[in-house]
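> My file is input_31.cif. It has mmCIF, C-alpha atoms and all ligand atoms:
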```cif
data_run
loop_
_atom_site.label_atom_id
_atom_site.label_comp_id
_atom_site.auth_asym_id
_atom_site.auth_seq_id
_atom_site.Cartn_x
_atom_site.Cartn_y
_atom_site.Cartn_z
CA ASN A 30 61.02 107.67 79.06
CA ASN A 31 57.87 105.87 79.97
CA TYR A 32 55.02 107.78 78.44
CA TRP A 33 51.69 107.12 76.71
CA VAL A 34 50.22 108.80 73.66
CA ILE A 35 46.58 109.74 73.13
CA VAL A 36 45.44 110.21 69.53
CA PRO A 37 42.04 111.92 69.11
CA ALA A 38 40.66 110.53 65.83
CA ALA A 39 36.91 110.84 66.28
CA GLY A 40 36.34 113.99 64.23
CA SER A 41 34.17 114.24 61.14
CA GLY A 42 36.60 116.51 59.23
CA LYS A 43 33.84 118.68 57.76
CA ARG A 44 36.25 121.36 56.52
CA MET A 45 37.77 118.81 54.17
CA GLY A 46 34.44 118.46 52.33
CA ALA A 47 35.10 114.76 51.59
CA ASP A 48 32.64 111.86 51.85
CA LYS A 49 34.50 110.22 54.73
CA PRO A 50 36.24 111.48 57.88
CA LYS A 51 39.56 113.05 56.95
CA GLN A 52 41.63 110.61 59.03
CA TYR A 53 40.66 107.87 56.57
CA LEU A 54 41.45 109.77 53.37
CA PRO A 55 44.24 108.13 51.36
CA LEU A 56 47.73 109.61 51.30
CA ASN A 57 50.16 107.70 49.07
CA GLY A 58 48.09 104.53 49.34
CA LYS A 59 47.62 104.55 53.11
CA SER A 60 45.10 106.45 55.22
CA LEU A 61 46.12 109.64 56.97
CA ILE A 62 45.71 108.03 60.41
CA ALA A 63 47.86 105.03 59.41
CA HIS A 64 50.70 107.43 58.56
CA THR A 65 50.28 109.20 61.90
CA LEU A 66 50.17 105.99 63.94
CA GLU A 67 53.18 104.52 62.15
CA ASN A 68 55.03 107.69 63.03
CA VAL A 69 53.86 107.60 66.70
CA ARG A 70 54.85 103.92 67.10
CA GLN A 71 58.50 104.73 66.45
CA TRP A 72 58.78 107.66 68.88
CA PRO A 73 61.52 106.85 71.40
CA GLY A 74 60.22 105.26 74.60
CA VAL A 75 56.50 105.22 73.80
CA LYS A 76 54.77 102.68 76.03
CA GLY A 77 51.31 102.58 74.53
CA VAL A 78 48.80 104.52 72.46
CA VAL A 79 45.10 105.16 73.09
CA VAL A 80 43.18 106.16 69.96
CA ALA A 81 39.75 107.81 70.38
CA ILE A 82 37.54 106.77 67.46
CA ALA A 83 33.99 107.73 66.52
CA VAL A 84 31.12 105.62 67.84
CA ASP A 85 30.20 104.54 64.27
CA ASP A 86 33.80 103.92 63.12
CA THR A 87 34.10 100.66 61.18
CA GLU A 88 37.44 101.36 59.50
CA PHE A 89 39.92 101.54 62.33
CA LYS A 90 40.01 97.79 62.93
CA THR A 91 40.91 97.18 59.28
CA LEU A 92 44.20 99.10 59.61
CA HIS A 93 47.41 97.10 59.79
CA CYS A 94 48.60 99.04 62.87
CA ALA A 95 45.35 98.22 64.74
CA GLN A 96 46.90 94.76 65.32
CA ASP A 97 49.73 96.27 67.40
CA PRO A 98 49.05 95.24 71.04
CA ARG A 99 50.37 98.62 72.23
CA ILE A 100 47.47 100.35 70.42
CA HIS A 101 44.18 100.59 72.38
CA THR A 102 40.91 102.24 71.33
CA VAL A 103 38.14 104.10 73.16
CA THR A 104 34.96 105.75 71.88
CA GLY A 105 35.42 109.51 71.38
CA GLY A 106 32.94 112.29 72.10
CA ALA A 107 31.22 115.30 70.55
CA GLU A 108 34.26 117.62 70.66
CA ARG A 109 37.98 116.97 70.52
CA ALA A 110 38.30 117.61 74.28
CA ASP A 111 35.58 115.00 75.00
CA SER A 112 37.51 112.45 72.92
CA VAL A 113 40.75 113.22 74.76
CA LEU A 114 38.96 112.97 78.12
CA ALA A 115 37.53 109.54 77.20
CA ALA A 116 41.07 108.34 76.50
CA LEU A 117 42.38 109.87 79.75
CA ASN A 118 39.61 108.12 81.72
CA TYR A 119 40.58 104.79 80.14
CA LEU A 120 44.25 105.35 80.87
CA SER A 121 43.77 106.52 84.45
CA GLU A 122 42.31 103.11 85.33
CA ARG A 123 45.48 101.44 84.09
CA GLN A 124 48.44 103.79 84.67
CA PRO A 125 49.72 105.90 87.60
CA ALA A 126 48.61 109.55 87.75
CA GLN A 127 52.14 110.86 87.18
CA THR A 128 52.54 109.01 83.81
CA PRO A 129 53.49 111.55 81.14
CA VAL A 130 50.89 111.71 78.35
CA LEU A 131 51.43 113.19 74.89
CA VAL A 132 48.21 114.10 73.06
CA HIS A 133 48.71 114.10 69.28
CA ASP A 134 46.15 114.84 66.54
CA ALA A 135 45.48 112.01 64.09
CA ALA A 136 45.56 114.72 61.42
CA ARG A 137 49.28 115.57 61.96
CA PRO A 138 51.16 112.78 60.15
CA LEU A 139 54.43 114.68 59.64
CA VAL A 140 55.79 115.57 63.07
CA ASN A 141 59.49 114.79 63.14
CA THR A 142 61.34 112.74 65.73
CA ASP A 143 63.81 115.54 66.60
CA ASP A 144 60.87 117.68 67.72
CA ILE A 145 59.47 114.76 69.76
CA GLN A 146 62.88 114.43 71.47
CA LYS A 147 62.83 118.16 72.26
CA LEU A 148 59.33 117.88 73.72
CA LEU A 149 60.30 114.86 75.84
CA ALA A 150 63.29 116.79 77.21
CA ALA A 151 61.23 119.93 78.00
CA SER A 152 59.25 120.78 81.18
CA PRO A 153 56.60 118.27 82.32
CA ILE A 154 53.89 120.59 80.90
CA ALA A 155 54.86 121.55 77.35
CA LEU A 156 53.68 121.62 73.75
CA LEU A 157 55.11 121.84 70.26
CA ALA A 158 54.33 125.16 68.57
CA GLN A 159 55.45 127.22 65.63
CA PRO A 160 56.55 130.85 65.97
CA ALA A 161 54.18 132.91 63.78
CA SER A 162 55.55 133.91 60.40
CA ASP A 163 52.53 136.01 59.41
CA THR A 164 51.36 139.16 61.19
CA VAL A 165 48.31 138.29 63.29
CA LYS A 166 45.26 140.58 63.49
CA GLN A 167 42.65 140.36 66.18
CA SER A 168 39.23 141.22 64.74
CA ARG A 169 35.88 142.51 65.88
CA GLU A 170 32.54 142.55 64.09
CA CYS A 171 31.31 145.89 62.80
CA GLU A 172 27.90 145.84 61.10
CA ASP A 173 28.28 142.89 58.70
CA LYS A 174 32.08 143.10 58.38
CA SER A 175 35.11 141.94 60.31
CA ILE A 176 37.51 144.77 61.04
CA VAL A 177 40.90 144.88 62.76
CA GLN A 178 40.69 145.42 66.50
CA GLN A 179 44.45 145.31 66.93
CA THR A 180 47.68 143.84 65.57
CA LEU A 181 49.25 141.42 68.02
CA PRO A 182 53.02 141.73 68.66
CA ARG A 183 54.34 139.03 66.35
CA ALA A 184 57.44 138.13 68.35
CA GLN A 185 55.15 136.72 71.04
CA ILE A 186 52.75 134.80 68.79
CA TRP A 187 53.02 131.03 68.49
CA LEU A 188 50.71 128.63 66.68
CA ALA A 189 49.96 125.64 68.90
CA GLN A 190 50.62 122.21 67.42
CA THR A 191 50.57 118.76 68.96
CA PRO A 192 51.85 116.70 70.73
CA GLN A 193 50.99 118.49 73.96
CA LYS A 194 52.47 116.92 77.10
CA ALA A 195 51.26 116.78 80.73
CA PRO A 196 51.01 114.23 83.58
CA LEU A 197 47.97 111.94 83.19
CA GLY A 198 46.19 112.79 86.47
CA LEU A 199 46.65 116.55 86.15
CA LEU A 200 45.53 116.66 82.53
CA ARG A 201 42.40 114.65 83.31
CA GLU A 202 41.51 116.93 86.22
CA VAL A 203 41.98 120.22 84.33
CA LEU A 204 40.17 118.97 81.23
CA GLN A 205 37.19 117.79 83.29
CA LYS A 206 37.05 121.12 85.12
CA GLY A 207 37.55 123.22 81.98
CA LEU A 208 34.80 121.34 80.11
CA GLN A 209 32.38 122.00 82.97
CA GLU A 210 33.28 125.65 83.45
CA ASN A 211 34.11 127.01 79.98
CA PRO A 212 33.93 124.39 77.21
CA ALA A 213 34.26 126.93 74.37
CA ALA A 214 37.69 127.98 75.71
CA ILE A 215 39.11 124.44 75.63
CA THR A 216 40.50 124.11 72.11
CA ASP A 217 43.61 122.16 73.10
CA GLU A 218 45.14 120.58 76.21
CA ALA A 219 47.29 123.63 76.97
CA SER A 220 44.21 125.89 77.15
CA ALA A 221 42.72 123.70 79.90
CA LEU A 222 46.04 123.73 81.77
CA GLU A 223 46.28 127.54 81.42
CA LEU A 224 42.74 128.00 82.79
CA ALA A 225 43.86 126.04 85.85
CA GLY A 226 46.82 128.42 86.35
CA HIS A 227 49.65 126.47 84.67
CA SER A 228 52.09 127.96 82.16
CA PRO A 229 53.01 125.32 79.55
CA GLU A 230 56.45 125.55 77.92
CA LEU A 231 56.43 126.31 74.18
CA VAL A 232 58.85 124.09 72.22
CA ALA A 233 59.62 125.44 68.74
CA ALA A 234 58.74 122.83 66.12
CA CYS A 235 59.01 122.37 62.42
CA ARG A 236 56.31 123.86 60.21
CA SER A 237 55.82 120.50 58.47
CA ASN A 238 53.86 119.38 61.54
CA PHE A 239 50.75 121.09 60.19
CA LYS A 240 47.24 119.74 60.74
CA VAL A 241 45.71 118.32 57.57
CA THR A 242 42.48 120.35 57.47
CA HIS A 243 41.73 121.62 53.95
CA PRO A 244 41.99 119.77 50.58
CA ALA A 245 45.27 121.53 49.65
CA ASP A 246 46.86 120.21 52.87
CA LEU A 247 46.49 116.65 51.54
CA ILE A 248 48.51 117.53 48.43
CA LEU A 249 51.23 119.13 50.55
CA ALA A 250 51.33 116.20 53.00
CA GLU A 251 51.61 113.75 50.10
CA ALA A 252 54.49 115.73 48.56
CA LEU A 253 56.35 115.85 51.90
CA ILE A 254 55.86 112.12 52.51
CA ASN A 255 57.27 111.38 49.02
CA TYR A 256 60.17 113.77 49.63
CA ARG A 257 61.07 112.11 52.95
CA ALA A 258 60.87 108.65 51.36
CA SER A 259 63.21 109.65 48.48
O1 LIG B 1 38.70 119.07 63.62
P1 LIG B 1 40.12 119.20 64.00
O2 LIG B 1 41.04 119.17 62.82
O3 LIG B 1 40.40 120.34 64.93
O4 LIG B 1 40.44 117.89 64.85
C1 LIG B 1 41.70 117.66 65.46
C2 LIG B 1 41.80 116.21 65.86
O5 LIG B 1 40.81 115.92 66.85
C3 LIG B 1 41.53 115.26 64.69
O6 LIG B 1 42.51 114.22 64.74
C4 LIG B 1 40.11 114.78 64.94
O7 LIG B 1 39.86 113.46 64.46
C5 LIG B 1 40.03 114.81 66.47
N1 LIG B 1 38.64 114.95 66.98
C6 LIG B 1 38.14 113.99 67.88
N2 LIG B 1 36.85 114.09 68.34
C7 LIG B 1 36.04 115.10 67.93
C8 LIG B 1 36.54 116.09 67.03
C9 LIG B 1 37.87 116.00 66.58
O8 LIG B 1 38.86 113.05 68.25
N3 LIG B 1 34.79 115.14 68.39
#
```
Before we go any further, please render this structure as C-alpha cells.
Ligand code: C5P


Amino acid sequence: NNYWVIVPAAGSGKRMGADKPKQYLPLNGKSLIAHTLENVRQWPGVKGVVVAIAVDDTEFKTLHCAQDPRIHTVTGGAERADSVLAALNYLSERQPAQTPVLVHDAARPLVNTDDIQKLLAASPIALLAQPASDTVKQSRECEDKSIVQQTLPRAQIWLAQTPQKAPLGLLREVLQKGLQENPAAITDEASALELAGHSPELVAACRSNFKVTHPADLILAEALINYRAS
C-alpha cells in the first residue's frame, strides 16, 4: 500500500446551526476534525494526507496533528468537489498519476480500520457504502407538496460514505470534467467517475461511519467514541 488521503474540511456546516464550522466543534474535548485525522493517520500504509481548509481558517494550525509532517494543507473551494480538486491539483504536482487516493470527509470521525482494509483490497475504483435499511421513496413536487413518484427497490439501494478510492490522475480528470459539464451532479467522487463511464465497486461498511451533519449526530458520535475507548 502506498496511497494518499484527501480530507475535504473547508465546509461551513450550516446544517449544524453552530457558531463555527462543524469540523471544529468539540467532541470529548477534541475537535471533530482532530478525531478524524487521528483516525486517518493510523490507517495501514497511508503515505500522506492533504487537508483542504477554508480560506479564512485560523484554527487548523493550532491542532496537535497539524504538526505531523505527513499532513499537508491546501485552500478549499466553494463546493466540496472544488475543495477535493484543489487537493488533487496539489498532489498531482508531487505524486505519480497512478497513486491511489482515498477521499475522506472530515465529518466522518468513526470509520473503522476493518472497513479501510476492505476498501484497500477492493477494485482500484471503489467506495465504502451502507446497504439501505429504510425504504427509499423518490419524490416529485405537486402544487406545494412533495409526493411519492416511486419506491426504489431496496435491495439495490446503498448510501454512499467515504473514503472513496480512485487513481490520482483519473480522479482529477473526471472531477475537472464533471465540474465543467454538470456541477450539480457531482456530489461525491464516485458520481464524477460514473459520469465518465466508470462503475465504482461498492464495499459494505459499518453504519457507525456516518457523517456528522445535524446536532444529534454529535451526541451519537460522542457516545460511540466513549464506547470504543471503554
Ligand atoms: O457539507 P457536507 O457535510 O456535505 O460536507 C462534507 C465534507 O466536505 C465536510 O468535511 C466539509 O468540511 C467538506 N467541504 C469542503 N468544502 C466545501 C464544502 C464542504 O471541503 N466547500

> For a quick check of understanding, using all atoms listed in the file, which of A:Leu249, A:Leu66, A:Ala151, A:Ile145 has the smallest distance to A:Ala234?

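Looking only at the distances to A:Ala234, the closest residue turns out to be A:Ile145.
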
> Using all atoms listed in the file, which residue out of A:Gln209, A:Ser228, A:Thr242, A:Asn141 lies closest to A:Gln52?

A:Thr242

> With distances taken over all atoms listed in the file, which of A:Gly77, A:Pro138, A:Pro98, A:Pro153 is nearest to ligand LIG 1 (chain B)?

A:Pro138

> List the neighbours of stretch 40-49 of chain A out to 9 Å using only C-alpha atoms; skip same-chain residues closer than 6 positions along the sequence, and give me the result as a list in words.

Ile82, Ala83, Gly105, Gly106, Ala107, Glu108, Arg109, Ser112, Val241, Thr242, His243 and Pro244 of chain A

> Atom CA of A:Arg137 and atom O4 of ligand LIG 1 (chain B), how far apart in Å?

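Distance reported for this atom pair: 9.6 Å.
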
> Near A:Pro196, within 8 Å and counting all atoms listed in the file, which residues show up once chain neighbours fewer than 4 positions away are dropped, as a PyMOL selection string?

chain A and resi 126-130+153-154+200

> Compile the contact shell of A:Gln71 as a PyMOL selection string: residues with an atom at most 12 Å away, counting only C-alpha atoms, same-chain residues fewer than 6 positions apart removed.

chain A and resi 34+64-65+77-78+94+99+140-142+145-146

> Atom CA of A:Lys240 to atom CA of A:Thr216: how many Å, to one decimal?

13.9 Å

> Given only C-alpha atoms as the basis, pick out the residue of A:Arg236, A:Lys147, A:Lys51, A:Lys206 nearest to A:Asp134.

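Checking each of A:Arg236, A:Lys147, A:Lys51, A:Lys206 against A:Asp134, counting only C-alpha atoms, the winner is A:Lys51.
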
> Which neighbours of A:Ala110 fall inside 10 Å, counting all atoms listed in the file, when residues of the same chain fewer than 6 positions from it are skipped, and could you give them as a PyMOL selection string?

chain A and resi 37+116+204-205+207-208+212+215-218+221

> With all atoms listed in the file as the atoms that count, which of A:Ala115, A:Leu157, A:Leu188, A:Ala245 lies nearest to ligand LIG 1 (chain B)?

A:Ala115

> Taking only C-alpha atoms and all ligand atoms into account, name the residue in A:Ile35, A:Ile248, A:Leu253, A:Leu120 that is nearest to ligand LIG 1 (chain B).

A:Ile35

> Can you measure atom CA of A:Thr180 to atom CA of A:Glu210 for me? One decimal in Å is fine.

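Those two atoms sit 29.3 Å apart.
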
> Can you find the residues with an atom no farther than 9 Å from (52.3, 130.4, 69.7), counting all atoms listed in the file, and report them as a VMD selection string?

chain A and resid 158 to 161 185 to 190 231 233

> Dump C-alpha atoms for the selected residues as an mmCIF file, keeping the file's coordinate frame?


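What follows is the written file part_10.cif:
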```
data_model
loop_
_atom_site.group_PDB
_atom_site.id
_atom_site.type_symbol
_atom_site.label_atom_id
_atom_site.label_comp_id
_atom_site.auth_asym_id
_atom_site.auth_seq_id
_atom_site.Cartn_x
_atom_site.Cartn_y
_atom_site.Cartn_z
ATOM 1 C CA ALA A 158 54.330 125.160 68.570
ATOM 2 C CA GLN A 159 55.450 127.220 65.630
ATOM 3 C CA PRO A 160 56.550 130.850 65.970
ATOM 4 C CA ALA A 161 54.180 132.910 63.780
ATOM 5 C CA GLN A 185 55.150 136.720 71.040
ATOM 6 C CA ILE A 186 52.750 134.800 68.790
ATOM 7 C CA TRP A 187 53.020 131.030 68.490
ATOM 8 C CA LEU A 188 50.710 128.630 66.680
ATOM 9 C CA ALA A 189 49.960 125.640 68.900
ATOM 10 C CA GLN A 190 50.620 122.210 67.420
ATOM 11 C CA LEU A 231 56.430 126.310 74.180
ATOM 12 C CA ALA A 233 59.620 125.440 68.740
#
```

> Could you name the residues that touch A:Gly58 at 12 Å or less, counting only C-alpha atoms, but leaving out those on the same chain fewer than 5 positions away, as a PyMOL selection string?

chain A and resi 53+63-64+251+254-255

> May I have the selected residues written with C-alpha atoms, as a PDB file, in the coordinates of the input?


```
ATOM      1  CA  TYR A  53      40.660 107.870  56.570  1.00  0.00           C
ATOM      2  CA  ALA A  63      47.860 105.030  59.410  1.00  0.00           C
ATOM      3  CA  HIS A  64      50.700 107.430  58.560  1.00  0.00           C
ATOM      4  CA  GLU A 251      51.610 113.750  50.100  1.00  0.00           C
ATOM      5  CA  ILE A 254      55.860 112.120  52.510  1.00  0.00           C
ATOM      6  CA  ASN A 255      57.270 111.380  49.020  1.00  0.00           C
TER       7      ASN A 255
END
```

> Using the structure block above, produce a file of stretch 192-205 of chain A that contains C-alpha atoms, as a tab-separated table (two decimals), in the first residue's frame.


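And here is the file that came out, decode10.tsv:
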```tsv
chain	number	residue	atom	x	y	z
A	192	PRO	CA	-13.48	7.07	1.84
A	193	GLN	CA	-13.90	6.84	-1.92
A	194	LYS	CA	-10.87	5.47	-3.79
A	195	ALA	CA	-9.51	6.10	-7.30
A	196	PRO	CA	-6.13	6.70	-9.01
A	197	LEU	CA	-4.95	10.32	-8.63
A	198	GLY	CA	-4.73	11.24	-12.34
A	199	LEU	CA	-8.07	9.70	-13.28
A	200	LEU	CA	-9.93	11.26	-10.36
A	201	ARG	CA	-8.53	14.70	-11.16
A	202	GLU	CA	-9.52	14.40	-14.81
A	203	VAL	CA	-13.11	13.23	-14.18
A	204	LEU	CA	-13.70	15.77	-11.43
A	205	GLN	CA	-12.47	18.63	-13.62
```
